[in-house]
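First the structure, in the form of C-alpha cells, and then the observations on it.
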Amino acid sequence: MLVVGDVVTDVVARHTTPLAPGTDTVARIRILPGGAGANAACWAARSRGESGGGPEVRLLGRVGRAEADWHAGRLRAAGVRPLLIPDGSAPTATVVALVDAGTGGERTFLTDSGAVLRIGPADWSPELLDGVGHLYLSGYLLFADTAVRLVRLALESARDRGVTVSVDPASAGFIARRGTEPVLAALRGVDLVLPNADEARLLTGIADPMSAAEALGRRFRLAVVTLGAGGAVVAGSGGITARVPAPRAEAVDSTGAGDAFTGAFLAAWTTGADPADAAVEGCRAGAEAVTLTGGRPLLPDTPYEPGTPPGVTG
C-alpha cells in the first residue's frame with residue numbers, strides 16, 4: 001500500500017482547565033510526529049504487523065530538510081517505508097493541537113501547512129506504484145492547486161495499473177473553504193471515501209449522517225463514514241450495508257482517531273476483509289487511539305516521548 005500525504009510535527013498541548021485568554025493556562029505539552037497521512041500509514045503498518053502479514057506500507061510526503069531524518073526515523077520505527085522529499089524552501093508542516101481534557105479529549109488545531117502543500121506533479125512517478133495494490137491519498141492534498149494536480153496524476157496512474165484508490169477528505173473546515181464542488185471534482189475516480197460525519201454532511205449537503213453515507217455510497221464504489229463514539233457506517237451503491245459500533249474507551253486525546261480508523265480499515269480491507277469486518281478493525285483502532293496522546297500507535301521498543309526534531313526546542 002502506498003500512502004501519499006502529510007507528514008507533520010505535532011505540538012500537543014493537553015489542558016485540564018478552560019483556556020484563560022490573556023494569561024497562562026497550565027498544560028502538558030509534547031512534541032510528536034504526526035500528520036493525517038503519516039498517522040494512517042503507521043496504524044496500517046501496526047495492523048499489518050499484528051495480523052502477521054499483509055502488504056508493505058510506504059509513505060510519500062514532503063517535509064522540511066532540517067526535520068527529514070527525524071521524521072523518516074519515526075516512520076521506520078513504526079514499520080512504514082518512508083519516501084520523503086526534503087524541501088529546502090519550507091519547513092515541515094506544524095500543527096498545534098489544543099486538547100481539552102475536560103471535554104473528553106476534544107481538540108482544536110492550529111495548522112501551518114509548510115512543506116505539505118508544496119507537493120506536486122514533479123514529485124510523482126508511476127513507478128511509485130510498482131508492487132502496490134492500493135493507493136491512499138490524504139485529503140489534505142485536495143486543498144492546494146499543486147497538490148491537486150499530483151492527485152490527478154496519481155489517480156490516472158492507479159487506473160492504468162488497476163490499483164484501487166481511497167481518500168479521507170480530512171477537514172470539514174478546509175472543505176468549506178475550498179468549496180464542495182472542487183473537492184468532489186478532485187475525488188472523481190476514487191473507489192473508497194472515508195469521511196467523518198461533518199465531512200459527509202458538507203460533501204452531500206445532507207444533515208443526517210446515515211443519509212449522507214447513502215448518498216456517498218451511490219457516488220463512489222464504497223463510502224465509510226465515521227461517527228466518533230457512535231462507530232461507523234458502511235454504504236455502497238445499494239445503500240447502507242453495515243452499522244458498526246465503537247468499543248467503549250476512556251478518551252484522553254481524540255487527535256488521530258480518524259487516522260487510526262482509516263489505517264486499520266485499509267489494512268484489513270486490502271487484505272480481503274469485507275467492509276463491515278474492516279470497519280470493526282477500524283473502530284477498534286480508533287478506540288485505542290483516543291486513549292493515547294498524539295495521533296500514532298505507541299511503539300513497544302521506543303520511549304513514550306520520541307524526542308524532539310531538529311530546530312525545535314521542547
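Residues in the C-alpha cells are numbered from 1 in each chain, the chains being A, B, ... in the order shown, and ligands are numbered from 1 in the order shown.
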Selection: 9 Å around range 239-244 of chain A, only C-alpha atoms, excl. self and same-chain fewer than 5 positions, as a PyMOL selection string: chain A and resi 210-211+213-215+217-218+230-234+275-277+279-280+283
Which of range 60-300 of chain A end up as alpha helix (DSSP H) when DSSP is run on this backbone - answer as a ChimeraX atom specification? /A:68-77,145-161,172-178,180-186,197-204,209-219,257-269,275-289
Just the selected residues (C-alpha atoms), exported as a compact mmCIF listing (two decimals), in the first residue's frame, please.
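Generated file (again_36.txt):
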```txt
# COMPACT_ATOMS: atom_id res chain seq x y z
CA ALA A 68 13.57 14.93 7.30
CA ASP A 69 15.83 12.43 9.07
CA TRP A 70 13.88 12.64 12.34
CA HIS A 71 10.55 12.02 10.63
CA ALA A 72 11.97 9.22 8.48
CA GLY A 73 13.31 7.53 11.60
CA ARG A 74 9.97 7.72 13.37
CA LEU A 75 8.21 6.22 10.34
CA ARG A 76 10.69 3.36 10.05
CA ALA A 77 10.28 2.62 13.77
CA ASP A 145 -3.71 23.51 -6.59
CA THR A 146 -0.26 21.92 -6.96
CA ALA A 147 -1.22 19.00 -4.72
CA VAL A 148 -4.50 18.51 -6.62
CA ARG A 149 -2.52 18.16 -9.84
CA LEU A 150 -0.48 15.41 -8.17
CA VAL A 151 -3.75 13.74 -7.10
CA ARG A 152 -4.96 13.71 -10.71
CA LEU A 153 -1.69 12.17 -11.92
CA ALA A 154 -1.75 9.58 -9.17
CA LEU A 155 -5.36 8.65 -9.96
CA GLU A 156 -4.52 8.26 -13.66
CA SER A 157 -1.55 6.04 -12.83
CA ALA A 158 -3.66 3.94 -10.46
CA ARG A 159 -6.41 3.47 -13.05
CA ASP A 160 -3.84 2.44 -15.67
CA ARG A 161 -2.49 -0.23 -13.30
CA ALA A 172 -14.59 19.98 7.26
CA GLY A 173 -13.08 23.44 7.68
CA PHE A 174 -10.85 23.09 4.64
CA ILE A 175 -13.71 21.60 2.56
CA ALA A 176 -15.87 24.61 3.43
CA ARG A 177 -13.07 26.99 2.50
CA ARG A 178 -12.16 25.21 -0.75
CA THR A 180 -17.66 21.29 -2.08
CA GLU A 181 -17.71 21.12 -5.87
CA PRO A 182 -13.92 21.48 -6.35
CA VAL A 183 -13.35 18.80 -3.70
CA LEU A 184 -15.84 16.40 -5.29
CA ALA A 185 -14.27 17.06 -8.70
CA ALA A 186 -10.86 16.13 -7.29
CA ALA A 197 -19.89 12.81 9.79
CA ASP A 198 -19.18 16.54 9.41
CA GLU A 199 -17.26 15.98 6.17
CA ALA A 200 -20.01 13.70 4.83
CA ARG A 201 -22.61 16.40 5.55
CA LEU A 202 -20.58 19.01 3.69
CA LEU A 203 -19.88 16.77 0.70
CA THR A 204 -23.55 15.87 0.26
CA PRO A 209 -25.02 11.25 8.52
CA MET A 210 -26.73 7.97 7.62
CA SER A 211 -28.46 9.57 4.65
CA ALA A 212 -25.22 11.33 3.74
CA ALA A 213 -23.44 7.96 3.78
CA GLU A 214 -26.07 6.52 1.45
CA ALA A 215 -25.58 9.42 -0.96
CA LEU A 216 -21.81 8.96 -0.95
CA GLY A 217 -22.26 5.21 -1.48
CA ARG A 218 -24.14 5.99 -4.68
CA ARG A 219 -21.40 8.35 -5.89
CA ALA A 257 -8.64 8.72 15.96
CA GLY A 258 -9.93 9.04 12.40
CA ASP A 259 -6.46 8.31 11.02
CA ALA A 260 -6.29 5.18 13.18
CA PHE A 261 -9.66 4.05 11.83
CA THR A 262 -8.52 4.66 8.26
CA GLY A 263 -5.21 2.84 8.65
CA ALA A 264 -6.69 -0.20 10.34
CA PHE A 265 -9.66 -0.32 7.95
CA LEU A 266 -7.38 -0.23 4.90
CA ALA A 267 -5.01 -2.83 6.34
CA ALA A 268 -7.96 -5.23 6.71
CA TRP A 269 -9.89 -4.32 3.54
CA PRO A 275 -16.05 -3.72 4.54
CA ALA A 276 -18.05 -4.46 7.70
CA ASP A 277 -15.25 -6.54 9.23
CA ALA A 278 -12.70 -3.93 8.16
CA ALA A 279 -14.83 -1.27 9.89
CA VAL A 280 -14.72 -3.34 13.09
CA GLU A 281 -10.93 -3.23 12.93
CA GLY A 282 -11.05 0.49 12.23
CA CYS A 283 -13.31 1.17 15.21
CA ARG A 284 -11.07 -0.90 17.46
CA ALA A 285 -8.02 1.14 16.40
CA GLY A 286 -9.90 4.42 16.77
CA ALA A 287 -10.94 3.49 20.31
CA GLU A 288 -7.33 2.72 21.16
CA ALA A 289 -6.12 5.97 19.60
```
Residues within 9 Å of Ser89 in chain A, only C-alpha atoms, excluding chain neighbours under 5 positions, as a short mmCIF file (atom, residue, chain, number, x, y, z; two decimals) with N, CA and C atoms, in the first residue's frame:
```cif
data_model
loop_
_atom_site.label_atom_id
_atom_site.label_comp_id
_atom_site.auth_asym_id
_atom_site.auth_seq_id
_atom_site.Cartn_x
_atom_site.Cartn_y
_atom_site.Cartn_z
N GLY A 64 10.27 19.48 5.61
CA GLY A 64 11.40 20.39 5.66
C GLY A 64 12.71 19.62 5.77
N ARG A 65 13.73 20.13 5.12
CA ARG A 65 15.01 19.41 5.08
C ARG A 65 15.57 19.16 6.48
N ALA A 115 5.61 22.58 4.21
CA ALA A 115 6.00 21.86 3.00
C ALA A 115 4.90 20.95 2.45
#
```
Near-Ala101 in chain A list (10 Å; only C-alpha atoms; drop same-chain fewer than 4 positions) as a VMD selection string: chain A and resid 13 to 18 27 105 to 107 251 to 254
Among the residues A:Val4, A:Trp43, A:Ile31, A:Ser237, the one that comes closest to Trp124 in chain A [using only C-alpha atoms]: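 Selected residue with least distance to Trp124 in chain A: A:Val4.
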Distance criterion (only C-alpha atoms): nearest to Ala93 in chain A out of A:Gly5, A:Gly238, A:Pro247, A:Gly22: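 Smallest distance to Ala93 in chain A is found for A:Gly5.
Residues surrounding Ala229 in chain A within 8 Å are Pro245, Ala246, Pro247 and Arg248 of chain A [only C-alpha atoms; sequence separation below 3 positions excluded].
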Serialized selection, C-alpha atoms, as an mmCIF file, in the first residue's frame:
```
data_model
loop_
_atom_site.group_PDB
_atom_site.id
_atom_site.type_symbol
_atom_site.label_atom_id
_atom_site.label_comp_id
_atom_site.auth_asym_id
_atom_site.auth_seq_id
_atom_site.Cartn_x
_atom_site.Cartn_y
_atom_site.Cartn_z
ATOM 1 C CA PRO A 245 -20.435 0.233 16.998
ATOM 2 C CA ALA A 246 -17.313 1.675 18.583
ATOM 3 C CA PRO A 247 -15.781 -0.032 21.624
ATOM 4 C CA ARG A 248 -16.019 1.942 24.851
#
```
So the first atom is CA of Pro169 in chain A and the second is CA of Val290 in chain A; what is the distance between them in Å, to one decimal place? 20.1 Å
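For the pair CA of Leu83 in chain A and CA of Ala45 in chain A, the interatomic distance is 14.9 Å.
Here CA of Ile29 in chain A is placed at a distance of 9.8 Å from CA of Val96 in chain A.
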Identify, on the basis of only C-alpha atoms, every residue whose closest approach to Leu194 in chain A does not exceed 6 Å; exclude the query and any residue fewer than 6 positions from it along the same chain; express the result as number ranges by chain. A: 168, 224-225
